[in-house]
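Okay, so here's the structure we're looking at.
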Amino acid sequence: MTDSTASLPQDLASRWGISVASMQLRVGDELARESHVSTDWLLRAMRNGVPVEAKAPAPDALLQAYQQAWHDSATAVVSLHLSSRLSPATQAALQASTHVPTPVHIVDSQSSGMALGFAALAGARTAAAGGSPAEVCATAQKRAARTQVIIYVDSLEYLHRAGYIGKTAAYFGSKMSVKPLLTVRDGEVEPMDKILGSERAVGKAVDRAVELAGDAPVDVAVEHFAAPNDAEELMTALKKKLPRGEEFVRTQVSTAIGANVGPGALAVTISPH
């Protein structure tokens, strides 16, 4: 299983038997499971200046998932989560795991988004092939470590509110025409590049994706928050330039990620096999 920041399309999660625990969002004074917070509701709150904060999955949600696995006669659970440097999700998982008889192996992916999603898929395929829990964990960790992400945000405002851009803010300063490209390195948001203008920034993201992919077979994800048309254009460009791309996934990020990156954000995830 994994958490909803993996942003896995439902059909992929279902196909590979991956359970997804919903993160939580605090919108103003209301705390709700992410699955109960629509994109439109979140966007209205963000644009109206309502405080929004992503929170780890509730321990009872994780506990229910682990208990269901036990009732389904699972011999073990491998539970992959976003970076512990970005969220206490792994701690919530550890807390819940102490209350079930089924062994729960918890993996801090040091990533989020489809970097986490591709790691979960790789682990699920290993499990389906008869791999042991240790092999599933190792496969997922290796895949997460090899996967790289390029993130474009239209504004640093939301990452700043979430407290994720100390170094990044210093790097980019306050030049409003400069559009940042970011990445997640060692579990933290880090600067990758700075480009003048949004169109050039997205073009640079394509170029960097091609560099990262090299000549290896890769899986590719394009993620967005409230920018489906831009994501489709980005995916079209990547398919033309990545002939060794195998699985291409276009998905909207979970609202827990959207709350941190803001509307218009795009990401390209390159995941070597």
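Ordering of the structure tokens sets the chain letters (A, B, ...); residue numbers start at 1 within each chain; ligands are numbered from 1 in the order shown.
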Spatial neighbours of Ala259 of chain A, max dist 8 Å, only C-alpha atoms, sep filter under 3 positions, as a PyMOL selection string: chain A and resi 42+46+52-54+158+255-256+262
Polymer residues at most 8 Å from segment 201-218 of chain A, only C-alpha atoms, same-chain spacing of 2 or more positions, as a ChimeraX atom specification: /A:148,150-152,179-181,194-199,220,234,237-238,241-242,244-247,268-273
10 Å contact set for Pro133 of chain A, only C-alpha atoms, chain neighbours under 4 positions out, as a PDB file with N, CA, C and O atoms, in the first residue's frame:
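Result file is around-v5.pdb:
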ATOM      1  N   THR A  75      -0.003 -12.231   4.303  1.00  0.00           N
ATOM      2  CA  THR A  75       1.071 -12.673   5.190  1.00  0.00           C
ATOM      3  C   THR A  75       1.968 -11.510   5.603  1.00  0.00           C
ATOM      4  O   THR A  75       2.720 -11.619   6.575  1.00  0.00           O
ATOM      5  N   ALA A  76       1.910 -10.411   4.863  1.00  0.00           N
ATOM      6  CA  ALA A  76       2.697  -9.223   5.196  1.00  0.00           C
ATOM      7  C   ALA A  76       2.145  -8.043   4.413  1.00  0.00           C
ATOM      8  O   ALA A  76       1.467  -8.211   3.399  1.00  0.00           O
ATOM      9  N   VAL A  77       2.451  -6.852   4.892  1.00  0.00           N
ATOM     10  CA  VAL A  77       2.092  -5.611   4.207  1.00  0.00           C
ATOM     11  C   VAL A  77       3.365  -4.809   3.992  1.00  0.00           C
ATOM     12  O   VAL A  77       4.181  -4.675   4.913  1.00  0.00           O
ATOM     13  N   VAL A  78       3.547  -4.306   2.785  1.00  0.00           N
ATOM     14  CA  VAL A  78       4.613  -3.342   2.515  1.00  0.00           C
ATOM     15  C   VAL A  78       3.935  -1.995   2.312  1.00  0.00           C
ATOM     16  O   VAL A  78       3.102  -1.837   1.424  1.00  0.00           O
ATOM     17  N   PRO A 103       2.641  -8.672   9.883  1.00  0.00           N
ATOM     18  CA  PRO A 103       3.863  -7.847   9.815  1.00  0.00           C
ATOM     19  C   PRO A 103       3.703  -6.723   8.789  1.00  0.00           C
ATOM     20  O   PRO A 103       3.249  -6.959   7.666  1.00  0.00           O
ATOM     21  N   VAL A 104       4.057  -5.522   9.194  1.00  0.00           N
ATOM     22  CA  VAL A 104       3.986  -4.363   8.303  1.00  0.00           C
ATOM     23  C   VAL A 104       5.397  -3.818   8.111  1.00  0.00           C
ATOM     24  O   VAL A 104       6.068  -3.440   9.072  1.00  0.00           O
ATOM     25  N   HIS A 105       5.836  -3.792   6.860  1.00  0.00           N
ATOM     26  CA  HIS A 105       7.163  -3.285   6.509  1.00  0.00           C
ATOM     27  C   HIS A 105       6.981  -1.877   5.953  1.00  0.00           C
ATOM     28  O   HIS A 105       6.368  -1.698   4.897  1.00  0.00           O
ATOM     29  N   GLY A 123       7.197  -2.316  -6.663  1.00  0.00           N
ATOM     30  CA  GLY A 123       7.059  -3.243  -5.550  1.00  0.00           C
ATOM     31  C   GLY A 123       5.908  -4.206  -5.746  1.00  0.00           C
ATOM     32  O   GLY A 123       6.023  -5.403  -5.457  1.00  0.00           O
ATOM     33  N   THR A 126       6.818  -6.923  -8.145  1.00  0.00           N
ATOM     34  CA  THR A 126       7.686  -7.906  -7.498  1.00  0.00           C
ATOM     35  C   THR A 126       6.872  -8.834  -6.611  1.00  0.00           C
ATOM     36  O   THR A 126       7.093 -10.056  -6.589  1.00  0.00           O
ATOM     37  N   ALA A 127       5.918  -8.287  -5.880  1.00  0.00           N
ATOM     38  CA  ALA A 127       5.044  -9.112  -5.032  1.00  0.00           C
ATOM     39  C   ALA A 127       4.232 -10.084  -5.884  1.00  0.00           C
ATOM     40  O   ALA A 127       4.086 -11.268  -5.540  1.00  0.00           O
ATOM     41  N   CYS A 137      10.381  -4.586  -0.667  1.00  0.00           N
ATOM     42  CA  CYS A 137      10.927  -3.344  -0.098  1.00  0.00           C
ATOM     43  C   CYS A 137      12.158  -2.887  -0.863  1.00  0.00           C
ATOM     44  O   CYS A 137      12.294  -1.703  -1.188  1.00  0.00           O
ATOM     45  N   ALA A 138      13.060  -3.822  -1.146  1.00  0.00           N
ATOM     46  CA  ALA A 138      14.297  -3.468  -1.836  1.00  0.00           C
ATOM     47  C   ALA A 138      14.013  -2.941  -3.238  1.00  0.00           C
ATOM     48  O   ALA A 138      14.622  -1.960  -3.691  1.00  0.00           O
ATOM     49  N   THR A 139      13.081  -3.590  -3.939  1.00  0.00           N
ATOM     50  CA  THR A 139      12.728  -3.146  -5.290  1.00  0.00           C
ATOM     51  C   THR A 139      12.148  -1.738  -5.260  1.00  0.00           C
ATOM     52  O   THR A 139      12.520  -0.878  -6.067  1.00  0.00           O
TER      53      THR A 139
END
Polymer residues at most 9 Å from Thr102 of chain A, only C-alpha atoms, same-chain spacing of 3 or more positions, as a list in words: Tyr66, Gln67, Ala69, Trp70, Ser73, Ala74, Thr75, Ala76, Val77 and Ser97 of chain A
If you keep C-alpha atoms, can you produce a file of those selected residues as an mmCIF file, in the first residue's frame?
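Once everything was written out, this is out-v3.cif:
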data_model
loop_
_atom_site.group_PDB
_atom_site.id
_atom_site.type_symbol
_atom_site.label_atom_id
_atom_site.label_comp_id
_atom_site.auth_asym_id
_atom_site.auth_seq_id
_atom_site.Cartn_x
_atom_site.Cartn_y
_atom_site.Cartn_z
ATOM 1 C CA TYR A 66 -3.718 -2.978 7.673
ATOM 2 C CA GLN A 67 -6.608 -4.745 9.397
ATOM 3 C CA ALA A 69 -5.065 -6.940 4.785
ATOM 4 C CA TRP A 70 -5.052 -9.211 7.830
ATOM 5 C CA SER A 73 -5.125 -13.344 4.907
ATOM 6 C CA ALA A 74 -2.170 -11.259 3.809
ATOM 7 C CA THR A 75 1.071 -12.673 5.190
ATOM 8 C CA ALA A 76 2.697 -9.223 5.196
ATOM 9 C CA VAL A 77 2.092 -5.611 4.207
ATOM 10 C CA SER A 97 1.304 -0.998 12.446
#
Gap from atom CA of Trp16 of chain A to atom CA of Glu34 of chain A - Å, one decimal: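 The value is 22.0 Å.
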Long-range neighbours of segment 82-92 of chain A as a PyMOL selection string, 9 Å cut-off, only C-alpha atoms, 3 positions minimum in chain: chain A and resi 2-3+5-6+23+54-59+62+79+95-97+106-113+116+164+186-189
DSSP-assigned alpha helix (DSSP H) among segment 143-237 of chain A, expressed as an MDAnalysis selection string: chainID A and resid 143:146 157:162 166:172 198:213 228:237
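For Ala231 of chain A, the list of residues within 7 Å, based on only C-alpha atoms and with local chain neighbours fewer than 4 positions off taken out, reads Val222, Glu223, His224, Ala227, Met235 and Leu266 of chain A.
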Selected residue of minimal separation from Pro191 of chain A among A:Val27, A:Leu94, A:Val20, A:Val153, counting only C-alpha atoms: A:Val153
Determine which residues of segment 38-218 of chain A DSSP labels as strand (DSSP E) from the backbone of this structure, then write them out as a CSV table (one decimal) with all heavy atoms, in the first residue's frame.
chain,number,residue,atom,x,y,z
A,52,VAL,N,-4.5,26.6,4.2
A,52,VAL,CA,-4.6,25.2,3.8
A,52,VAL,C,-3.3,24.5,4.2
A,52,VAL,O,-2.2,25.0,4.0
A,52,VAL,CB,-4.8,25.1,2.3
A,52,VAL,CG1,-4.8,23.6,1.9
A,52,VAL,CG2,-6.1,25.8,1.9
A,53,GLU,N,-3.4,23.3,4.8
A,53,GLU,CA,-2.3,22.5,5.3
A,53,GLU,C,-2.5,21.1,5.0
A,53,GLU,O,-3.5,20.5,5.4
A,53,GLU,CB,-2.0,22.8,6.8
A,53,GLU,CG,-0.8,22.1,7.3
A,53,GLU,CD,-0.6,22.2,8.8
A,53,GLU,OE1,-1.5,22.8,9.4
A,53,GLU,OE2,0.4,21.8,9.3
A,54,ALA,N,-1.5,20.4,4.3
A,54,ALA,CA,-1.6,19.0,4.1
A,54,ALA,C,-1.1,18.3,5.4
A,54,ALA,O,-0.1,18.7,6.0
A,54,ALA,CB,-0.7,18.6,2.9
A,55,LYS,N,-1.8,17.2,5.8
A,55,LYS,CA,-1.5,16.5,7.0
A,55,LYS,C,-1.3,15.0,6.6
A,55,LYS,O,-1.8,14.5,5.6
A,55,LYS,CB,-2.6,16.6,8.0
A,55,LYS,CG,-3.0,18.0,8.3
A,55,LYS,CD,-2.0,18.8,9.2
A,55,LYS,CE,-2.1,18.3,10.6
A,55,LYS,NZ,-1.2,19.1,11.5
A,77,VAL,N,2.5,-6.9,4.9
A,77,VAL,CA,2.1,-5.6,4.2
A,77,VAL,C,3.4,-4.8,4.0
A,77,VAL,O,4.2,-4.7,4.9
A,77,VAL,CB,1.1,-4.8,5.0
A,77,VAL,CG1,0.8,-3.4,4.4
A,77,VAL,CG2,-0.2,-5.5,5.2
A,78,VAL,N,3.5,-4.3,2.8
A,78,VAL,CA,4.6,-3.3,2.5
A,78,VAL,C,3.9,-2.0,2.3
A,78,VAL,O,3.1,-1.8,1.4
A,78,VAL,CB,5.4,-3.7,1.3
A,78,VAL,CG1,6.5,-2.6,1.0
A,78,VAL,CG2,6.2,-5.1,1.5
A,79,SER,N,4.3,-1.0,3.2
A,79,SER,CA,3.6,0.3,3.2
A,79,SER,C,4.6,1.3,2.8
A,79,SER,O,5.5,1.7,3.6
A,79,SER,CB,3.0,0.5,4.6
A,79,SER,OG,2.1,1.5,4.7
A,80,LEU,N,4.5,1.9,1.6
A,80,LEU,CA,5.4,2.9,1.1
A,80,LEU,C,4.8,4.3,1.3
A,80,LEU,O,3.6,4.5,0.9
A,80,LEU,CB,5.7,2.7,-0.4
A,80,LEU,CG,6.6,1.6,-0.8
A,80,LEU,CD1,5.8,0.3,-0.9
A,80,LEU,CD2,7.2,1.9,-2.2
A,81,HIS,N,5.6,5.2,1.7
A,81,HIS,CA,5.1,6.6,2.0
A,81,HIS,C,6.0,7.7,1.5
A,81,HIS,O,7.2,7.4,1.2
A,81,HIS,CB,4.8,6.7,3.5
A,81,HIS,CG,3.7,5.8,3.9
A,81,HIS,ND1,2.4,6.0,3.7
A,81,HIS,CD2,3.8,4.6,4.6
A,81,HIS,CE1,1.7,5.0,4.2
A,81,HIS,NE2,2.6,4.1,4.7
A,104,VAL,N,4.1,-5.5,9.2
A,104,VAL,CA,4.0,-4.4,8.3
A,104,VAL,C,5.4,-3.8,8.1
A,104,VAL,O,6.1,-3.4,9.1
A,104,VAL,CB,3.1,-3.3,8.9
A,104,VAL,CG1,3.0,-2.1,7.9
A,104,VAL,CG2,1.7,-3.8,9.1
A,105,HIS,N,5.8,-3.8,6.9
A,105,HIS,CA,7.2,-3.3,6.5
A,105,HIS,C,7.0,-1.9,6.0
A,105,HIS,O,6.4,-1.7,4.9
A,105,HIS,CB,7.8,-4.2,5.5
A,105,HIS,CG,7.9,-5.6,5.9
A,105,HIS,ND1,9.1,-6.2,6.5
A,105,HIS,CD2,7.0,-6.6,5.9
A,105,HIS,CE1,8.9,-7.4,6.7
A,105,HIS,NE2,7.6,-7.7,6.4
A,106,ILE,N,7.5,-0.9,6.6
A,106,ILE,CA,7.3,0.5,6.3
A,106,ILE,C,8.5,1.1,5.6
A,106,ILE,O,9.6,0.9,6.1
A,106,ILE,CB,6.9,1.3,7.5
A,106,ILE,CG1,5.6,0.8,8.1
A,106,ILE,CG2,6.8,2.8,7.2
A,106,ILE,CD1,5.3,1.3,9.5
A,107,VAL,N,8.3,1.7,4.4
A,107,VAL,CA,9.3,2.2,3.6
A,107,VAL,C,9.2,3.7,3.4
A,107,VAL,O,8.1,4.2,3.0
A,107,VAL,CB,9.3,1.6,2.2
A,107,VAL,CG1,10.4,2.2,1.3
A,107,VAL,CG2,9.5,0.0,2.3
A,108,ASP,N,10.2,4.5,3.8
A,108,ASP,CA,10.3,5.9,3.6
A,108,ASP,C,10.9,6.1,2.2
A,108,ASP,O,12.1,5.8,2.0
A,108,ASP,CB,11.1,6.6,4.6
A,108,ASP,CG,11.3,8.1,4.4
A,108,ASP,OD1,10.8,8.6,3.4
A,108,ASP,OD2,11.8,8.8,5.3
A,148,GLN,N,13.8,10.4,-10.9
A,148,GLN,CA,14.0,11.8,-10.7
A,148,GLN,C,12.8,12.6,-11.2
A,148,GLN,O,12.1,12.2,-12.1
A,148,GLN,CB,15.3,12.3,-11.4
A,148,GLN,CG,16.5,11.5,-10.9
A,148,GLN,CD,17.8,12.1,-11.5
A,148,GLN,OE1,18.2,13.3,-11.2
A,148,GLN,NE2,18.5,11.3,-12.3
A,149,VAL,N,12.6,13.8,-10.6
A,149,VAL,CA,11.5,14.6,-10.9
A,149,VAL,C,11.9,16.1,-11.2
A,149,VAL,O,12.8,16.6,-10.5
A,149,VAL,CB,10.4,14.6,-9.8
A,149,VAL,CG1,11.0,15.1,-8.5
A,149,VAL,CG2,9.2,15.3,-10.1
A,150,ILE,N,11.2,16.6,-12.1
A,150,ILE,CA,11.4,18.0,-12.5
A,150,ILE,C,10.1,18.7,-12.2
A,150,ILE,O,9.1,18.3,-12.8
A,150,ILE,CB,11.8,18.2,-14.0
A,150,ILE,CG1,13.0,17.4,-14.3
A,150,ILE,CG2,12.1,19.7,-14.3
A,150,ILE,CD1,13.1,17.0,-15.8
A,151,ILE,N,10.1,19.8,-11.4
A,151,ILE,CA,8.9,20.4,-11.0
A,151,ILE,C,8.9,21.9,-11.4
A,151,ILE,O,9.8,22.6,-11.2
A,151,ILE,CB,8.7,20.4,-9.4
A,151,ILE,CG1,8.8,18.9,-8.9
A,151,ILE,CG2,7.4,21.0,-9.0
A,151,ILE,CD1,9.0,18.8,-7.4
A,152,TYR,N,7.8,22.2,-12.1
A,152,TYR,CA,7.6,23.7,-12.5
A,152,TYR,C,6.4,24.2,-11.6
A,152,TYR,O,5.4,23.6,-11.6
A,152,TYR,CB,7.3,23.8,-13.9
A,152,TYR,CG,6.6,25.1,-14.3
A,152,TYR,CD1,7.5,26.3,-14.5
A,152,TYR,CD2,5.3,25.3,-14.4
A,152,TYR,CE1,6.9,27.5,-14.8
A,152,TYR,CE2,4.7,26.5,-14.7
A,152,TYR,CZ,5.5,27.6,-14.9
A,152,TYR,OH,5.0,28.9,-15.1
A,178,VAL,N,11.1,35.3,-13.1
A,178,VAL,CA,11.9,34.1,-13.1
A,178,VAL,C,11.0,33.0,-12.7
A,178,VAL,O,10.4,33.0,-11.6
A,178,VAL,CB,13.1,34.2,-12.2
A,178,VAL,CG1,13.8,32.9,-12.0
A,178,VAL,CG2,14.1,35.3,-12.7
A,179,LYS,N,11.0,31.9,-13.5
A,179,LYS,CA,10.2,30.7,-13.2
A,179,LYS,C,11.1,29.6,-12.7
A,179,LYS,O,12.1,29.3,-13.4
A,179,LYS,CB,9.4,30.3,-14.4
A,179,LYS,CG,8.4,31.4,-14.8
A,179,LYS,CD,7.3,31.6,-13.8
A,179,LYS,CE,6.3,32.7,-14.2
A,179,LYS,NZ,5.3,33.0,-13.2
A,180,PRO,N,10.8,29.0,-11.6
A,180,PRO,CA,11.7,28.0,-11.0
A,180,PRO,C,11.4,26.6,-11.5
A,180,PRO,O,10.3,26.2,-11.8
A,180,PRO,CB,11.4,28.1,-9.5
A,180,PRO,CG,10.0,28.5,-9.4
A,180,PRO,CD,9.8,29.4,-10.6
A,181,LEU,N,12.5,25.9,-11.7
A,181,LEU,CA,12.4,24.4,-11.9
A,181,LEU,C,13.0,23.8,-10.6
A,181,LEU,O,14.1,24.2,-10.2
A,181,LEU,CB,13.2,23.9,-13.1
A,181,LEU,CG,12.6,24.3,-14.5
A,181,LEU,CD1,13.5,23.7,-15.6
A,181,LEU,CD2,11.2,23.9,-14.6
A,182,LEU,N,12.3,22.9,-10.0
A,182,LEU,CA,12.7,22.3,-8.7
A,182,LEU,C,12.8,20.8,-8.9
A,182,LEU,O,12.4,20.3,-9.9
A,182,LEU,CB,11.6,22.7,-7.6
A,182,LEU,CG,11.2,24.1,-7.5
A,182,LEU,CD1,10.0,24.2,-6.6
A,182,LEU,CD2,12.3,25.0,-7.0
A,183,THR,N,13.4,20.2,-7.9
A,183,THR,CA,13.4,18.8,-7.8
A,183,THR,C,13.3,18.3,-6.4
A,183,THR,O,13.2,19.2,-5.4
A,183,THR,CB,14.7,18.2,-8.5
A,183,THR,OG1,14.6,16.8,-8.6
A,183,THR,CG2,15.9,18.5,-7.6
A,184,VAL,N,13.2,17.0,-6.1
A,184,VAL,CA,13.2,16.5,-4.8
A,184,VAL,C,14.5,15.7,-4.7
A,184,VAL,O,14.7,14.7,-5.4
A,184,VAL,CB,12.0,15.6,-4.5
A,184,VAL,CG1,12.1,15.0,-3.1
A,184,VAL,CG2,10.7,16.4,-4.6
A,185,ARG,N,15.4,16.1,-3.8
A,185,ARG,CA,16.7,15.4,-3.6
A,185,ARG,C,16.9,15.1,-2.2
A,185,ARG,O,16.7,15.9,-1.3
A,185,ARG,CB,17.8,16.3,-4.1
A,185,ARG,CG,19.1,15.7,-4.3
A,185,ARG,CD,20.1,16.6,-4.9
A,185,ARG,NE,19.8,16.9,-6.3
A,185,ARG,CZ,19.6,18.0,-6.8
A,185,ARG,NH1,19.5,19.1,-6.0
A,185,ARG,NH2,19.3,18.2,-8.1
A,188,GLU,N,14.0,16.2,0.1
A,188,GLU,CA,13.6,17.6,0.3
A,188,GLU,C,13.5,18.3,-1.1
A,188,GLU,O,14.2,17.9,-2.1
A,188,GLU,CB,14.7,18.3,1.1
A,188,GLU,CG,14.8,17.8,2.6
A,188,GLU,CD,15.8,18.6,3.4
A,188,GLU,OE1,16.9,18.6,3.0
A,188,GLU,OE2,15.3,19.1,4.4
A,189,VAL,N,12.7,19.4,-1.1
A,189,VAL,CA,12.6,20.2,-2.3
A,189,VAL,C,13.8,21.0,-2.4
A,189,VAL,O,14.3,21.7,-1.5
A,189,VAL,CB,11.3,21.1,-2.2
A,189,VAL,CG1,11.2,22.0,-3.4
A,189,VAL,CG2,10.1,20.3,-2.0
A,190,GLU,N,14.4,21.0,-3.6
A,190,GLU,CA,15.7,21.7,-3.9
A,190,GLU,C,15.6,22.4,-5.3
A,190,GLU,O,14.8,22.0,-6.2
A,190,GLU,CB,16.9,20.7,-4.0
A,190,GLU,CG,17.2,20.0,-2.7
A,190,GLU,CD,18.0,20.8,-1.8
A,190,GLU,OE1,18.4,22.0,-2.1
A,190,GLU,OE2,18.2,20.4,-0.6
A,191,PRO,N,16.3,23.5,-5.5
A,191,PRO,CA,16.3,24.2,-6.8
A,191,PRO,C,17.0,23.3,-7.8
A,191,PRO,O,18.0,22.7,-7.5
A,191,PRO,CB,17.0,25.5,-6.5
A,191,PRO,CG,17.9,25.2,-5.3
A,191,PRO,CD,17.1,24.2,-4.5
A,192,MET,N,16.6,23.4,-9.0
A,192,MET,CA,17.2,22.7,-10.1
A,192,MET,C,17.7,23.8,-11.2
A,192,MET,O,18.8,23.7,-11.7
A,192,MET,CB,16.3,21.7,-10.8
A,192,MET,CG,16.8,21.1,-12.1
A,192,MET,SD,15.7,19.9,-12.8
A,192,MET,CE,16.1,18.4,-11.9
A,193,ASP,N,16.9,24.7,-11.5
A,193,ASP,CA,17.2,25.7,-12.5
A,193,ASP,C,16.3,26.9,-12.3
A,193,ASP,O,15.3,26.8,-11.7
A,193,ASP,CB,17.1,25.1,-13.9
A,193,ASP,CG,18.1,25.7,-14.9
A,193,ASP,OD1,18.6,26.8,-14.6
A,193,ASP,OD2,18.4,25.0,-15.8
A,194,LYS,N,16.7,28.0,-13.0
A,194,LYS,CA,15.8,29.2,-13.0
A,194,LYS,C,15.7,29.7,-14.4
A,194,LYS,O,16.8,29.8,-15.1
A,194,LYS,CB,16.3,30.3,-12.0
A,194,LYS,CG,17.7,30.7,-12.2
A,194,LYS,CD,18.1,31.8,-11.2
A,194,LYS,CE,19.5,32.2,-11.3
A,194,LYS,NZ,19.9,33.2,-10.3
A,195,ILE,N,14.6,29.9,-14.9
A,195,ILE,CA,14.3,30.3,-16.3
A,195,ILE,C,13.5,31.6,-16.4
A,195,ILE,O,12.6,31.7,-15.6
A,195,ILE,CB,13.6,29.2,-17.1
A,195,ILE,CG1,14.3,27.8,-16.8
A,195,ILE,CG2,13.6,29.4,-18.6
A,195,ILE,CD1,15.7,27.7,-17.4
A,196,LEU,N,13.8,32.4,-17.4
A,196,LEU,CA,13.0,33.6,-17.6
A,196,LEU,C,11.8,33.3,-18.4
A,196,LEU,O,11.9,32.9,-19.6
A,196,LEU,CB,13.8,34.7,-18.3
A,196,LEU,CG,13.2,36.1,-18.3
A,196,LEU,CD1,13.1,36.7,-17.0
A,196,LEU,CD2,14.1,37.0,-19.2
A,218,VAL,N,12.7,3.9,-19.8
A,218,VAL,CA,12.1,4.7,-18.6
A,218,VAL,C,10.6,4.7,-18.7
A,218,VAL,O,10.0,4.6,-19.7
A,218,VAL,CB,12.7,6.1,-18.6
A,218,VAL,CG1,14.2,6.2,-18.4
A,218,VAL,CG2,12.3,6.9,-19.8
